[in-house]
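Written out below as structure tokens is the structure these notes cover.
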Amino acid sequence: MAEQIKNKRVKFPKGKQRLFIASVHKKLKFGWDKIANIFNINRRTLSDWCRERSTMNYKVLLDLHINYNISIPKEIKILPQFWYVNRAAKLGALMRNKLYGNFGTPEGRRKGGFTTIRKFMHNPELAKKLGLRIIKDIIRPKRGLQLAEFVGIVLGDGGLTDYQLKITFNRDTDAEHADFVKELIKKLFKLTPKIISKKLDKGSDIAVYSKNLVEFLESNGLKRGNKVKNKVDIPFWIKRNNKFQLACLRGLMDTDGSCYAYSHNVNKKRYHNVALCFTNASEPLLKSVYSIFDRNGYYPCITGRRVYVYGKNEIKKYFQKVGTHNPKHLGNYKRFRFLKNKKD
């Protein structure tokens, strides 16, 4: 049974296969290389399918339907394993009709498709043997400190599409924090993220392909698409709880924040100090970060796209009360806090 489904092909009317693949590309919003990788085929094979030089693999069509909710076209014909051998094709058709109905009719195709899908849902191991990846339900954690911090991380350096969560980091300066984020994803959702490195710069992405995860995060206040246009903000369930607010603030500062040293002169004496800075282009998010600092006894100021907290005592209080999971920030704090004031 497994080998039969693996080797079955899908016959579209002329011109329809190309249009179908184009519609899949538009809906998934993935690059062609990514689509080829998801379905475990060569990029050239995908190109041949687009040009209708060869027929599509049946298991890929099932994968699209099961995992990405893409309807199976009604006008297709599913060719048996040995469709190019007349005798074998007849035998395959007889067995197929007996098990699933006649795929040459809309009713038969529908019956066969749903029968196969039910088998895969009840037997994920069979789907795995066929190379199909069935989307598993994710762990849905309760609202707590870890989820609040993760929301802050996504609001800072993350983004959501229809099927993907992506968190961007600098692999030179934030690699250790990226390791923390990966482990947090595993702990919260029991999902294993992938690391996708960019060739043209030092950026990399922590990526998770899961429609269920995207929908869960949306249900907890995050949004798909452009964060600035969507005017993202800290979700209300976090704002209602001060401990959740501080955990979310930690996630935000660990991604879009910085700890740095600065100097200024007063009466010919040079003073050295330390500051925190949070940078973001979403006005509602900036105001929320300002409010959290303010309500917790800090003395923030907001300028343009930045929220600042100045003073060694304030910064010390931040790292004691809020803390960080980004070793880069902690290292900067330890290095800068011993700066001494002196005359030039």
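In the structure tokens, the first chain shown is A, the next is B, and so on; residue numbers restart at 1 for each chain, and ligands run from 1 in the order shown.
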*Could you pull out the strand (DSSP E) residues of stretch 152-202 of chain A from DSSP and send them as a list in words?*
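Selecting the strand (DSSP E) positions of stretch 152-202 of chain A gives Gly158, Gly159, Leu160, Gln164, Leu165, Lys166, Ile167, Thr168, Phe169, Asn170, Lys194, Ile195, Ile196 and Ser197 of chain A.
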Find the spatial neighbours of A:Leu184, counting only C-alpha atoms, within a cut-off of 10 Å - ignore same-chain residues fewer than 5 positions away - and output them as an mmCIF file with N, CA and C atoms, in the first residue's frame.
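This is the output file selection38.cif:
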data_model
loop_
_atom_site.group_PDB
_atom_site.id
_atom_site.type_symbol
_atom_site.label_atom_id
_atom_site.label_comp_id
_atom_site.auth_asym_id
_atom_site.auth_seq_id
_atom_site.Cartn_x
_atom_site.Cartn_y
_atom_site.Cartn_z
ATOM 1 N N GLN A 146 6.627 32.329 31.551
ATOM 2 C CA GLN A 146 7.408 31.937 30.375
ATOM 3 C C GLN A 146 6.716 32.344 29.086
ATOM 4 N N LEU A 147 5.399 32.151 29.015
ATOM 5 C CA LEU A 147 4.675 32.548 27.803
ATOM 6 C C LEU A 147 4.704 34.070 27.657
ATOM 7 N N GLU A 149 7.097 36.092 28.643
ATOM 8 C CA GLU A 149 8.428 36.454 28.142
ATOM 9 C C GLU A 149 8.555 36.122 26.661
ATOM 10 N N PHE A 150 7.999 34.976 26.255
ATOM 11 C CA PHE A 150 8.067 34.592 24.845
ATOM 12 C C PHE A 150 7.299 35.575 23.975
ATOM 13 N N ALA A 178 19.792 33.179 21.379
ATOM 14 C CA ALA A 178 19.057 32.352 20.419
ATOM 15 C C ALA A 178 18.929 30.921 20.937
ATOM 16 N N ASP A 179 19.971 30.406 21.586
ATOM 17 C CA ASP A 179 19.898 29.062 22.182
ATOM 18 C C ASP A 179 18.826 29.022 23.269
ATOM 19 N N PHE A 189 6.065 24.541 23.692
ATOM 20 C CA PHE A 189 5.185 23.984 22.656
ATOM 21 C C PHE A 189 5.566 22.580 22.185
ATOM 22 N N LYS A 190 6.695 22.053 22.686
ATOM 23 C CA LYS A 190 7.180 20.736 22.243
ATOM 24 C C LYS A 190 7.434 20.715 20.736
ATOM 25 N N LEU A 191 7.940 21.822 20.220
ATOM 26 C CA LEU A 191 8.287 21.938 18.811
ATOM 27 C C LEU A 191 9.772 22.221 18.682
#
*Would you mind listing what lies within 9 Å of stretch 295-312 of chain A as a count of residues only, with only C-alpha atoms counted and same-chain residues fewer than 5 positions away left out?*
20
Give me the residues within 12 Å of A:Leu222 as a PDB file with N, CA and C atoms, in the first residue's frame, counting only C-alpha atoms and dropping any in the same chain fewer than 6 places off.
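For reference, around.pdb as written:
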ATOM      1  N   LEU A 147       5.399  32.151  29.015  1.00  0.00           N
ATOM      2  CA  LEU A 147       4.675  32.548  27.803  1.00  0.00           C
ATOM      3  C   LEU A 147       4.704  34.070  27.657  1.00  0.00           C
ATOM      4  N   ALA A 148       4.598  34.796  28.771  1.00  0.00           N
ATOM      5  CA  ALA A 148       4.653  36.262  28.711  1.00  0.00           C
ATOM      6  C   ALA A 148       6.012  36.725  28.184  1.00  0.00           C
ATOM      7  N   PHE A 150       7.999  34.976  26.255  1.00  0.00           N
ATOM      8  CA  PHE A 150       8.067  34.592  24.845  1.00  0.00           C
ATOM      9  C   PHE A 150       7.299  35.575  23.975  1.00  0.00           C
ATOM     10  N   VAL A 151       6.149  36.049  24.444  1.00  0.00           N
ATOM     11  CA  VAL A 151       5.395  37.058  23.706  1.00  0.00           C
ATOM     12  C   VAL A 151       6.248  38.308  23.516  1.00  0.00           C
ATOM     13  N   GLY A 152       6.993  38.705  24.570  1.00  0.00           N
ATOM     14  CA  GLY A 152       7.880  39.853  24.451  1.00  0.00           C
ATOM     15  C   GLY A 152       8.968  39.633  23.411  1.00  0.00           C
ATOM     16  N   ILE A 153       9.514  38.427  23.356  1.00  0.00           N
ATOM     17  CA  ILE A 153      10.543  38.097  22.366  1.00  0.00           C
ATOM     18  C   ILE A 153       9.989  38.220  20.948  1.00  0.00           C
ATOM     19  N   VAL A 154       8.776  37.697  20.743  1.00  0.00           N
ATOM     20  CA  VAL A 154       8.161  37.761  19.408  1.00  0.00           C
ATOM     21  C   VAL A 154       7.821  39.206  19.039  1.00  0.00           C
ATOM     22  N   LEU A 155       7.318  39.979  20.002  1.00  0.00           N
ATOM     23  CA  LEU A 155       7.027  41.389  19.733  1.00  0.00           C
ATOM     24  C   LEU A 155       8.297  42.151  19.376  1.00  0.00           C
ATOM     25  N   GLY A 156       9.421  41.719  19.962  1.00  0.00           N
ATOM     26  CA  GLY A 156      10.682  42.398  19.680  1.00  0.00           C
ATOM     27  C   GLY A 156      11.269  42.031  18.338  1.00  0.00           C
ATOM     28  N   GLY A 158      10.436  39.087  16.487  1.00  0.00           N
ATOM     29  CA  GLY A 158       9.711  38.018  15.811  1.00  0.00           C
ATOM     30  C   GLY A 158       8.729  38.511  14.772  1.00  0.00           C
ATOM     31  N   GLY A 159       8.114  37.556  14.085  1.00  0.00           N
ATOM     32  CA  GLY A 159       7.103  37.866  13.093  1.00  0.00           C
ATOM     33  C   GLY A 159       6.286  36.623  12.784  1.00  0.00           C
ATOM     34  N   LEU A 160       5.016  36.824  12.414  1.00  0.00           N
ATOM     35  CA  LEU A 160       4.122  35.715  12.100  1.00  0.00           C
ATOM     36  C   LEU A 160       3.600  35.846  10.678  1.00  0.00           C
ATOM     37  N   THR A 161       3.592  34.714   9.962  1.00  0.00           N
ATOM     38  CA  THR A 161       2.870  34.612   8.696  1.00  0.00           C
ATOM     39  C   THR A 161       1.785  33.570   8.886  1.00  0.00           C
ATOM     40  N   LEU A 165       6.349  30.990  12.313  1.00  0.00           N
ATOM     41  CA  LEU A 165       6.880  31.915  13.306  1.00  0.00           C
ATOM     42  C   LEU A 165       8.360  32.092  13.012  1.00  0.00           C
ATOM     43  N   LEU A 213       0.612  26.710  15.769  1.00  0.00           N
ATOM     44  CA  LEU A 213       1.344  27.626  16.642  1.00  0.00           C
ATOM     45  C   LEU A 213       0.976  29.072  16.338  1.00  0.00           C
ATOM     46  N   VAL A 214       0.900  29.419  15.052  1.00  0.00           N
ATOM     47  CA  VAL A 214       0.535  30.780  14.663  1.00  0.00           C
ATOM     48  C   VAL A 214      -0.850  31.126  15.209  1.00  0.00           C
ATOM     49  N   GLU A 215      -1.799  30.208  15.066  1.00  0.00           N
ATOM     50  CA  GLU A 215      -3.156  30.473  15.542  1.00  0.00           C
ATOM     51  C   GLU A 215      -3.195  30.583  17.064  1.00  0.00           C
ATOM     52  N   PHE A 216      -2.383  29.773  17.757  1.00  0.00           N
ATOM     53  CA  PHE A 216      -2.329  29.858  19.222  1.00  0.00           C
ATOM     54  C   PHE A 216      -1.782  31.214  19.654  1.00  0.00           C
ATOM     55  N   ASN A 230       0.376  47.101  11.808  1.00  0.00           N
ATOM     56  CA  ASN A 230      -0.660  46.554  12.682  1.00  0.00           C
ATOM     57  C   ASN A 230      -0.672  47.202  14.063  1.00  0.00           C
ATOM     58  N   LYS A 231       0.299  48.095  14.318  1.00  0.00           N
ATOM     59  CA  LYS A 231       0.391  48.802  15.607  1.00  0.00           C
ATOM     60  C   LYS A 231       0.329  47.820  16.772  1.00  0.00           C
ATOM     61  N   VAL A 232       1.265  46.873  16.762  1.00  0.00           N
ATOM     62  CA  VAL A 232       1.261  45.822  17.783  1.00  0.00           C
ATOM     63  C   VAL A 232       1.481  46.419  19.169  1.00  0.00           C
ATOM     64  N   ASP A 233       0.977  45.708  20.160  1.00  0.00           N
ATOM     65  CA  ASP A 233       1.094  46.151  21.537  1.00  0.00           C
ATOM     66  C   ASP A 233       1.147  44.921  22.436  1.00  0.00           C
ATOM     67  N   ILE A 234       1.505  45.118  23.681  1.00  0.00           N
ATOM     68  CA  ILE A 234       1.506  44.031  24.655  1.00  0.00           C
ATOM     69  C   ILE A 234       0.065  43.582  24.892  1.00  0.00           C
ATOM     70  N   PRO A 235      -0.226  42.294  24.820  1.00  0.00           N
ATOM     71  CA  PRO A 235      -1.600  41.810  24.999  1.00  0.00           C
ATOM     72  C   PRO A 235      -2.166  42.184  26.369  1.00  0.00           C
ATOM     73  N   PHE A 236      -3.480  42.294  26.426  1.00  0.00           N
ATOM     74  CA  PHE A 236      -4.164  42.752  27.638  1.00  0.00           C
ATOM     75  C   PHE A 236      -3.959  41.798  28.807  1.00  0.00           C
ATOM     76  N   TRP A 237      -3.904  40.487  28.522  1.00  0.00           N
ATOM     77  CA  TRP A 237      -3.763  39.526  29.625  1.00  0.00           C
ATOM     78  C   TRP A 237      -2.428  39.695  30.344  1.00  0.00           C
ATOM     79  N   ILE A 238      -1.427  40.200  29.627  1.00  0.00           N
ATOM     80  CA  ILE A 238      -0.133  40.480  30.256  1.00  0.00           C
ATOM     81  C   ILE A 238      -0.194  41.789  31.039  1.00  0.00           C
TER      82      ILE A 238
END
Can you pull out every residue within 6 Å of stretch 326-331 of chain A, counting only C-alpha atoms, but drop anything in the same chain fewer than 4 positions away, and send it as a PDB file with C-alpha atoms, in the first residue's frame?
ATOM      1  CA  HIS A 177      20.193  34.182  23.571  1.00  0.00           C
ATOM      2  CA  ASP A 254      16.531  41.059  25.390  1.00  0.00           C
ATOM      3  CA  CYS A 259      22.612  48.386  27.743  1.00  0.00           C
TER       4      CYS A 259
END
*asked:* Ranking A:Asn57, A:Thr45, A:Asn332, A:Gln164 by minimum distance to A:Ser258 and counting only C-alpha atoms, which one comes first?
replied: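 When distances to A:Ser258 are compared using only C-alpha atoms, the smallest one comes from A:Asn332.
One distance worth recording is that between atom CA of A:Asp294 and atom CA of A:Gln320, which is 16.5 Å.
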*Who sits within 6 Å of A:Tyr163, only C-alpha atoms, same chain under 2 positions skipped, as a list in words*: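 Everything that qualifies: Thr161, Tyr209, Ser210 and Lys211 of chain A.
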Could you write out that same residue set with N, CA and C atoms as an mmCIF file, in the first residue's frame?
data_model
loop_
_atom_site.group_PDB
_atom_site.id
_atom_site.type_symbol
_atom_site.label_atom_id
_atom_site.label_comp_id
_atom_site.auth_asym_id
_atom_site.auth_seq_id
_atom_site.Cartn_x
_atom_site.Cartn_y
_atom_site.Cartn_z
ATOM 1 N N THR A 161 3.592 34.714 9.962
ATOM 2 C CA THR A 161 2.870 34.612 8.696
ATOM 3 C C THR A 161 1.785 33.570 8.886
ATOM 4 N N TYR A 209 7.607 26.136 11.501
ATOM 5 C CA TYR A 209 6.526 26.064 10.525
ATOM 6 C C TYR A 209 5.358 25.302 11.159
ATOM 7 N N SER A 210 4.374 26.029 11.625
ATOM 8 C CA SER A 210 3.233 25.407 12.292
ATOM 9 C C SER A 210 2.043 26.360 12.275
ATOM 10 N N LYS A 211 1.034 25.990 11.532
ATOM 11 C CA LYS A 211 -0.184 26.793 11.485
ATOM 12 C C LYS A 211 -0.846 26.836 12.852
#
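Nearest to A:Thr55 of all the residues A:Asn40, A:Ser71, A:Gln17, A:Thr324 is A:Gln17, counting only C-alpha atoms.
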*Tell me, which residues of stretch 232-271 of chain A carry DSSP alpha helix (DSSP H), written as a ChimeraX atom specification?*
/A:236-239,242-256
_Atomic separation - atom CA of A:Met56 relative to atom CA of A:Tyr68, Å_ = 17.0 Å
_Among listed residues A:Asn67, A:Arg171, A:Lys186, A:Gly257, nearest A:Lys199 (using only C-alpha atoms)_ = A:Arg171
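Among the candidates A:Val228, A:Met253, A:Ile35, A:Val266, the residue lying nearest to A:Pro284 is A:Val228 (atoms considered: only C-alpha atoms).
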*Taking into account only C-alpha atoms, which residue in the set A:Lys14, A:Cys248, A:Lys8, A:Gly203 is nearest to A:Gly323?*
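Once distances to A:Gly323 are computed over only C-alpha atoms, the minimum belongs to A:Cys248.
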